[in-house]
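Trainee: Have a look at this one before I ask anything.
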Amino acid sequence: MNSAADPTVPAPGRRPRRPAPRGPAWAGRNYSLLTAAAAVTHLGSHGALIAAAFAVLDAGGDGGDVGLVAAARTVPLVLFLLIGGALADRLPRHRVMVAANVLNCASQGAFALLVLTGDPQLWQMMLLTALNGTGQAFFSPAAEGMLLSSVQGEQAGRAFAVFRMAMQGAALGGAALGGAMVAAIGPGWVLAADAAAFAVAAGLRSFLDVSGVPARAPGGGLLADLREGWREVAGRPWLWGIVVQFSLANAVVAAADAVYGPLVARDHLGGPAPWGLALGFFGAGTVAGALLMTRWKPRRLLLAGTLCVFPLALPSAALAVPVPAAALCAVMFVTGVTLEVFGVSWMTALHQEIPEDKLSRVSAYDWFGSVALVPLATALAGPAEQAFGRTTALWGCATLVVVATAAVLCVPDVRRLRRRTKEVAVAGAPAVPGAGSGSADAERAVGGLG
């Protein structure tokens, strides 16, 4: 072979050139697969949320029926999250993820077929949506653990920011594309596209490499695993404090967004279009916030993140006034930016502080706290409006977010927990009091939000 004609063969006396890296050092195989799969599923799922609502309405249902179908997804999500977390720390996480994606693909495919070929009944749509929620309950803790364990070192925060930017961008595009597709070709085809997205994601996740994940010691059973996971949460005041905070905040924000927002838009903003535009600005804000966090590394992770939760009260306050549509869009954009600062900071703190073999169980308790009160809050939103008035109810939502966030700042570990760097690790800096034994592993892969 003529080396002069082949650029891959070095000339005599020259060192062979190494191929240029195809991405940053922290963007390894698993991280890239997880990011691509998350983008695909978010692109499909956010369009499917719109499609499911219109499928119910096209079948002759009303707003109450739409709420029942939405609740059918949330209830199994709450019921099975903790079991899903324990299972994901007991079995290979990628297998749990793929199995959950297959279940989601089958349930959404059946839902699509039902809508496209027949006259779907409410109970049938509720059953298929419940299967979708069950798949999500097993998927989410496993995915979070897998993502956290796919990243290591000082660039973890940047990696999580890029992941969330891809995820939020896909969600924003999926909602816009889904709405347009529902109008153009009907909800059944959008549900079919979501089923196909789950199939693609399952294929991508089946290629995850878990050969470097240490084997997990056999546990004492499912209940023992759940108790061990709870001890990890209960032993860290910063962790359970923020879970409680978001249990309350997510509940009232869900009530404001799902119930009061559309009503205010109808009565004061000119209809659903301004409200949809405001939600779009919120999605754009989350993408901008993730982009910001690729560059900004706050030293006190949870202090910076928690301070950025206060603006979560602004949308409820803006709806209570109510402000013009342009001002509401600005408020929603700012809220999206600041909330994403918290999201990246939270993932980085979990990655840094929680042992790898307990990540999915801790994530399950986090998810459980985040969604447990949402069905109750949305169910009580109507009665609260009748009892106190819409304006008072919205100011109550804003006040509860502020009070819960201020209370979390009273937890010393929330104010003190610092981002670990190589210099800190080498110097042997002591762990934050109460942060748990996981904080010693600052520079190895520990965990996964996926």
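The chains in the structure tokens are called A, B, ... from first to last as shown; in each chain the residues are counted from 1, and the ligands are counted from 1 in the order shown.
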Kindly provide the residues of segment 162-192 of chain A that approach segment 109-112 of chain A to within 6 Å, each paired with its closest atom pair and their distance in Å to one decimal, based on only C-alpha atoms, listed by chain and increasing number, as a tab-separated table.
Mentor:
residue	atom	partner	partner_atom	distance
A:Gly188	CA	A:Ala112	CA	4.7
A:Leu191	CA	A:Ala112	CA	5.1
A:Ala192	CA	A:Ala112	CA	5.2
Trainee: When you look at Ala254 of chain A with a cut-off of 9 Å (counting only C-alpha atoms), what residues show up, excluding the ones that are within fewer than 5 positions of it in the same chain? I need them as a list of chain:residue names.
Mentor: A:Ala249, A:Val259, A:Val374, A:Pro375, A:Ala377, A:Thr378
Trainee: Could you take the residues named above and write them with all heavy atoms, as a PDB file, in the first residue's frame?
Mentor:
ATOM      1  N   ALA A 249     -45.527  23.082  45.917  1.00  0.00           N
ATOM      2  CA  ALA A 249     -45.428  24.035  44.804  1.00  0.00           C
ATOM      3  C   ALA A 249     -45.993  23.444  43.517  1.00  0.00           C
ATOM      4  O   ALA A 249     -46.756  24.112  42.800  1.00  0.00           O
ATOM      5  CB  ALA A 249     -43.979  24.456  44.610  1.00  0.00           C
ATOM      6  N   VAL A 259     -56.307  24.736  35.529  1.00  0.00           N
ATOM      7  CA  VAL A 259     -57.695  25.159  35.789  1.00  0.00           C
ATOM      8  C   VAL A 259     -57.866  26.662  35.638  1.00  0.00           C
ATOM      9  O   VAL A 259     -58.668  27.145  34.830  1.00  0.00           O
ATOM     10  CB  VAL A 259     -58.143  24.709  37.195  1.00  0.00           C
ATOM     11  CG1 VAL A 259     -59.586  25.148  37.454  1.00  0.00           C
ATOM     12  CG2 VAL A 259     -58.014  23.195  37.339  1.00  0.00           C
ATOM     13  N   VAL A 374     -50.771  16.543  43.153  1.00  0.00           N
ATOM     14  CA  VAL A 374     -51.299  17.213  41.961  1.00  0.00           C
ATOM     15  C   VAL A 374     -52.758  16.840  41.685  1.00  0.00           C
ATOM     16  O   VAL A 374     -53.596  17.733  41.448  1.00  0.00           O
ATOM     17  CB  VAL A 374     -50.408  16.912  40.745  1.00  0.00           C
ATOM     18  CG1 VAL A 374     -51.087  17.358  39.447  1.00  0.00           C
ATOM     19  CG2 VAL A 374     -49.069  17.626  40.901  1.00  0.00           C
ATOM     20  N   PRO A 375     -53.140  15.543  41.709  1.00  0.00           N
ATOM     21  CA  PRO A 375     -54.556  15.234  41.456  1.00  0.00           C
ATOM     22  C   PRO A 375     -55.487  15.893  42.475  1.00  0.00           C
ATOM     23  O   PRO A 375     -56.565  16.385  42.112  1.00  0.00           O
ATOM     24  CB  PRO A 375     -54.608  13.701  41.559  1.00  0.00           C
ATOM     25  CG  PRO A 375     -53.211  13.249  41.305  1.00  0.00           C
ATOM     26  CD  PRO A 375     -52.338  14.316  41.892  1.00  0.00           C
ATOM     27  N   ALA A 377     -54.953  18.684  44.195  1.00  0.00           N
ATOM     28  CA  ALA A 377     -54.990  20.138  43.994  1.00  0.00           C
ATOM     29  C   ALA A 377     -55.860  20.513  42.800  1.00  0.00           C
ATOM     30  O   ALA A 377     -56.644  21.468  42.866  1.00  0.00           O
ATOM     31  CB  ALA A 377     -53.571  20.669  43.798  1.00  0.00           C
ATOM     32  N   THR A 378     -55.731  19.771  41.707  1.00  0.00           N
ATOM     33  CA  THR A 378     -56.552  20.092  40.539  1.00  0.00           C
ATOM     34  C   THR A 378     -58.027  19.792  40.803  1.00  0.00           C
ATOM     35  O   THR A 378     -58.904  20.504  40.294  1.00  0.00           O
ATOM     36  CB  THR A 378     -56.066  19.309  39.312  1.00  0.00           C
ATOM     37  OG1 THR A 378     -55.986  17.906  39.634  1.00  0.00           O
ATOM     38  CG2 THR A 378     -54.696  19.781  38.871  1.00  0.00           C
TER      39      THR A 378
END
Trainee: What's the 10 Å shell around segment 70-82 of chain A, counting only C-alpha atoms, without same-chain residues fewer than 3 positions away, as a ChimeraX atom specification?
Mentor: /A:49,52-53,64-67,85-88,123,125-141,222,225-226,229-230,360-375,378-379
Trainee: Would you list, as a ChimeraX atom specification, the residues of segment 296-429 of chain A that end up in alpha helix (DSSP H) under DSSP run on this structure's backbone?
Mentor: /A:301-307,314-320,325-353,359-371,374-388,390-408,412-416,422-427
Trainee: Which residues are close to Asn101 of chain A, i.e. within 12 Å by only C-alpha atoms, leaving aside same-chain residues fewer than 3 positions away? Reply as a ChimeraX atom specification.
Mentor: /A:37-38,40-41,45,94-98,104-109,131-140,142-143,194-206
Trainee: Let's have the selection written as a compact mmCIF listing (two decimals), in the first residue's frame, with N, CA and C atoms.
Mentor:
# COMPACT_ATOMS: atom_id res chain seq x y z
N ALA A 37 -32.58 9.63 22.98
CA ALA A 37 -33.84 8.95 23.27
C ALA A 37 -34.83 9.86 23.99
N ALA A 38 -34.31 10.67 24.94
CA ALA A 38 -35.19 11.59 25.67
C ALA A 38 -35.78 12.63 24.72
N VAL A 40 -36.39 12.25 21.54
CA VAL A 40 -37.39 11.58 20.70
C VAL A 40 -38.71 11.40 21.45
N THR A 41 -38.63 10.91 22.69
CA THR A 41 -39.86 10.65 23.44
C THR A 41 -40.57 11.94 23.83
N SER A 45 -44.35 12.72 23.04
CA SER A 45 -45.28 12.71 24.18
C SER A 45 -46.01 14.03 24.35
N HIS A 94 -31.25 -0.29 32.35
CA HIS A 94 -31.61 -0.13 30.95
C HIS A 94 -32.70 -1.12 30.53
N ARG A 95 -32.75 -2.29 31.19
CA ARG A 95 -33.80 -3.25 30.86
C ARG A 95 -35.16 -2.75 31.35
N VAL A 96 -35.18 -2.15 32.53
CA VAL A 96 -36.43 -1.57 33.04
C VAL A 96 -36.91 -0.46 32.09
N MET A 97 -35.98 0.37 31.63
CA MET A 97 -36.34 1.46 30.73
C MET A 97 -36.91 0.95 29.41
N VAL A 98 -36.25 -0.05 28.83
CA VAL A 98 -36.72 -0.58 27.56
C VAL A 98 -38.09 -1.24 27.72
N ASN A 104 -45.28 1.52 26.89
CA ASN A 104 -45.81 2.80 26.40
C ASN A 104 -46.12 2.74 24.91
N CYS A 105 -45.25 2.10 24.15
CA CYS A 105 -45.46 1.96 22.71
C CYS A 105 -46.75 1.17 22.43
N ALA A 106 -46.93 0.07 23.16
CA ALA A 106 -48.12 -0.77 22.94
C ALA A 106 -49.39 -0.03 23.34
N SER A 107 -49.37 0.66 24.48
CA SER A 107 -50.58 1.33 24.94
C SER A 107 -50.95 2.50 24.03
N GLN A 108 -49.95 3.29 23.62
CA GLN A 108 -50.24 4.40 22.71
C GLN A 108 -50.64 3.90 21.32
N GLY A 109 -50.03 2.80 20.88
CA GLY A 109 -50.43 2.23 19.60
C GLY A 109 -51.87 1.75 19.62
N LEU A 131 -52.29 2.52 31.50
CA LEU A 131 -51.12 1.71 31.15
C LEU A 131 -49.93 2.59 30.81
N ASN A 132 -50.19 3.70 30.13
CA ASN A 132 -49.12 4.64 29.81
C ASN A 132 -48.51 5.21 31.08
N GLY A 133 -49.36 5.59 32.04
CA GLY A 133 -48.86 6.10 33.32
C GLY A 133 -48.07 5.06 34.10
N THR A 134 -48.50 3.80 34.01
CA THR A 134 -47.77 2.72 34.68
C THR A 134 -46.37 2.57 34.10
N GLY A 135 -46.28 2.62 32.78
CA GLY A 135 -44.96 2.56 32.15
C GLY A 135 -44.07 3.70 32.60
N GLN A 136 -44.65 4.91 32.69
CA GLN A 136 -43.88 6.07 33.14
C GLN A 136 -43.40 5.91 34.56
N ALA A 137 -44.21 5.28 35.42
CA ALA A 137 -43.84 5.09 36.81
C ALA A 137 -42.60 4.20 36.95
N PHE A 138 -42.48 3.20 36.11
CA PHE A 138 -41.31 2.33 36.16
C PHE A 138 -40.13 2.93 35.40
N PHE A 139 -40.44 3.72 34.37
CA PHE A 139 -39.37 4.29 33.56
C PHE A 139 -38.62 5.41 34.28
N SER A 140 -39.32 6.33 34.89
CA SER A 140 -38.71 7.58 35.36
C SER A 140 -37.58 7.36 36.38
N ALA A 142 -35.74 4.69 36.88
CA ALA A 142 -34.62 3.99 36.21
C ALA A 142 -33.87 4.94 35.30
N ALA A 143 -34.59 5.77 34.56
CA ALA A 143 -33.96 6.69 33.62
C ALA A 143 -33.14 7.74 34.35
N ASP A 194 -46.56 9.06 18.43
CA ASP A 194 -45.98 8.91 19.76
C ASP A 194 -45.59 7.46 20.03
N ALA A 195 -46.44 6.52 19.61
CA ALA A 195 -46.09 5.10 19.75
C ALA A 195 -44.81 4.78 19.00
N ALA A 196 -44.66 5.32 17.79
CA ALA A 196 -43.43 5.10 17.02
C ALA A 196 -42.23 5.71 17.72
N ALA A 197 -42.42 6.89 18.36
CA ALA A 197 -41.31 7.52 19.08
C ALA A 197 -40.86 6.64 20.24
N PHE A 198 -41.80 6.01 20.94
CA PHE A 198 -41.41 5.11 22.03
C PHE A 198 -40.65 3.90 21.50
N ALA A 199 -41.04 3.41 20.32
CA ALA A 199 -40.33 2.28 19.73
C ALA A 199 -38.89 2.66 19.38
N VAL A 200 -38.71 3.85 18.80
CA VAL A 200 -37.36 4.32 18.48
C VAL A 200 -36.54 4.49 19.74
N ALA A 201 -37.14 5.08 20.79
CA ALA A 201 -36.42 5.29 22.04
C ALA A 201 -36.03 3.96 22.69
N ALA A 202 -36.92 2.98 22.63
CA ALA A 202 -36.58 1.66 23.19
C ALA A 202 -35.40 1.06 22.44
N GLY A 203 -35.37 1.22 21.12
CA GLY A 203 -34.24 0.73 20.35
C GLY A 203 -32.94 1.40 20.73
N LEU A 204 -32.96 2.72 20.91
CA LEU A 204 -31.76 3.44 21.31
C LEU A 204 -31.28 3.00 22.69
N ARG A 205 -32.21 2.87 23.61
CA ARG A 205 -31.84 2.52 24.99
C ARG A 205 -31.38 1.09 25.12
N SER A 206 -31.74 0.23 24.18
CA SER A 206 -31.27 -1.15 24.23
C SER A 206 -29.77 -1.25 23.96
Trainee: Calculated over only C-alpha atoms, which of the candidates A:Asp89, A:Leu350, A:Ala313, A:Leu116 has the smallest distance to Ile185 of chain A?
Mentor: A:Leu116
Trainee: Quick one: contact table of segment 135-246 of chain A to segment 28-35 of chain A, 9 Å max, nearest atom pair and distance in Å to one decimal per residue, counting only C-alpha atoms, chain and number order, as CSV?
Mentor:
residue,atom,partner,partner_atom,distance
A:Ala143,CA,A:Leu34,CA,8.3
A:Met146,CA,A:Leu34,CA,8.4
A:Leu147,CA,A:Tyr31,CA,6.6
A:Ser150,CA,A:Tyr31,CA,5.6
A:Val151,CA,A:Tyr31,CA,7.0
A:Ala159,CA,A:Tyr31,CA,8.4
A:Val162,CA,A:Thr35,CA,8.6
A:Phe163,CA,A:Thr35,CA,5.7
A:Arg164,CA,A:Thr35,CA,8.5
A:Ala166,CA,A:Thr35,CA,7.1
A:Met167,CA,A:Thr35,CA,7.5
A:Ala201,CA,A:Leu34,CA,8.7
A:Leu204,CA,A:Leu33,CA,6.1
A:Arg205,CA,A:Leu33,CA,6.5
A:Phe207,CA,A:Leu33,CA,7.8
A:Leu208,CA,A:Asn30,CA,5.5
A:Asp209,CA,A:Asn30,CA,6.5
A:Val210,CA,A:Asn30,CA,8.6
Trainee: Atom CA of Ala48 of chain A and atom CA of Gly178 of chain A are how many Å apart?
Mentor: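 It comes out at 6.8 Å.
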Trainee: At a cut-off of 12 Å, using only C-alpha atoms, what residues contact segment 262-276 of chain A? Leave out same-chain residues fewer than 3 positions from it and give the result as a short mmCIF file (atom, residue, chain, number, x, y, z; two decimals) with C-alpha atoms, in the first residue's frame.
Mentor:
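result_28.cif, freshly written:
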data_model
loop_
_atom_site.label_atom_id
_atom_site.label_comp_id
_atom_site.auth_asym_id
_atom_site.auth_seq_id
_atom_site.Cartn_x
_atom_site.Cartn_y
_atom_site.Cartn_z
CA ILE A 50 -52.83 17.44 23.13
CA GLY A 63 -64.05 18.81 29.95
CA LEU A 172 -41.56 22.74 23.09
CA ALA A 175 -46.31 20.62 21.65
CA ALA A 176 -46.27 23.01 18.69
CA GLY A 179 -51.13 20.89 17.93
CA ALA A 254 -50.69 22.58 38.40
CA ALA A 255 -54.01 23.92 39.67
CA ALA A 256 -53.20 27.41 38.38
CA ASP A 257 -52.00 26.18 34.98
CA ALA A 258 -54.61 23.49 34.33
CA VAL A 259 -57.69 25.16 35.79
CA LEU A 279 -47.10 28.42 27.70
CA GLY A 280 -44.87 28.54 24.63
CA PHE A 281 -42.87 31.38 26.20
CA PHE A 282 -42.47 29.28 29.34
CA GLY A 283 -41.07 26.44 27.24
CA PRO A 315 -47.52 33.30 36.93
CA SER A 316 -50.23 32.80 39.58
CA ALA A 317 -49.83 36.42 40.68
CA ALA A 318 -49.96 37.63 37.07
CA LEU A 319 -53.17 35.66 36.49
CA ALA A 320 -54.65 37.06 39.71
CA VAL A 321 -54.20 40.69 38.60
CA PRO A 322 -54.68 39.82 35.63
CA VAL A 323 -51.90 41.35 33.52
CA PRO A 324 -52.09 41.80 29.71
CA ALA A 325 -51.08 38.89 27.51
CA ALA A 326 -47.69 40.42 26.61
CA ALA A 327 -46.77 40.85 30.29
CA LEU A 328 -47.92 37.30 31.03
CA CYS A 329 -45.66 35.96 28.27
CA MET A 332 -43.73 32.92 31.90
CA ALA A 381 -59.28 24.05 42.35
CA GLY A 382 -62.92 24.38 41.29
CA GLU A 385 -62.73 29.14 43.30
CA ARG A 390 -60.66 32.99 41.55
CA THR A 391 -58.47 35.97 42.39
CA LEU A 394 -54.62 32.48 42.66
#
Trainee: Quick one: residues within 12 Å of Ala407 of chain A, only C-alpha atoms, excluding same-chain residues fewer than 2 positions away - as a list in words?
Mentor: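 Skipping anything fewer than 2 positions along the chain leaves Trp238, Gly241, Ile242, Val244, Gln245, Phe246, Leu248, Thr306, Leu307, Phe310, Leu400, Val401, Val402, Val403, Ala404, Thr405, Leu409, Cys410, Val411, Pro412, Val414 and Arg415 of chain A.
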Trainee: In terms of the shortest atom-to-atom distance over only C-alpha atoms, which of A:Leu417, A:Met165, A:Val69, A:Val252 is closest to Val341 of chain A?
Mentor: A:Met165
Trainee: Would you compute the distance between atom CA of Gly157 of chain A and atom CA of Ile83 of chain A? Give it in Å to one decimal.
Mentor: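 Computed distance, atom CA of Gly157 of chain A to atom CA of Ile83 of chain A, equals 28.4 Å.
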Trainee: Which residue gives the smallest distance to Leu292 of chain A among A:Ser247, A:Thr338, A:Gln168, A:Gln121, with only C-alpha atoms counted?
Mentor: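 That would be A:Thr338, the residue with the smallest distance to Leu292 of chain A.
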Trainee: State, in Å with one decimal place, the distance from atom CA of Gly84 of chain A to atom CA of Val233 of chain A.
Mentor: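 Going from atom CA of Gly84 of chain A over to atom CA of Val233 of chain A, I get 16.3 Å.
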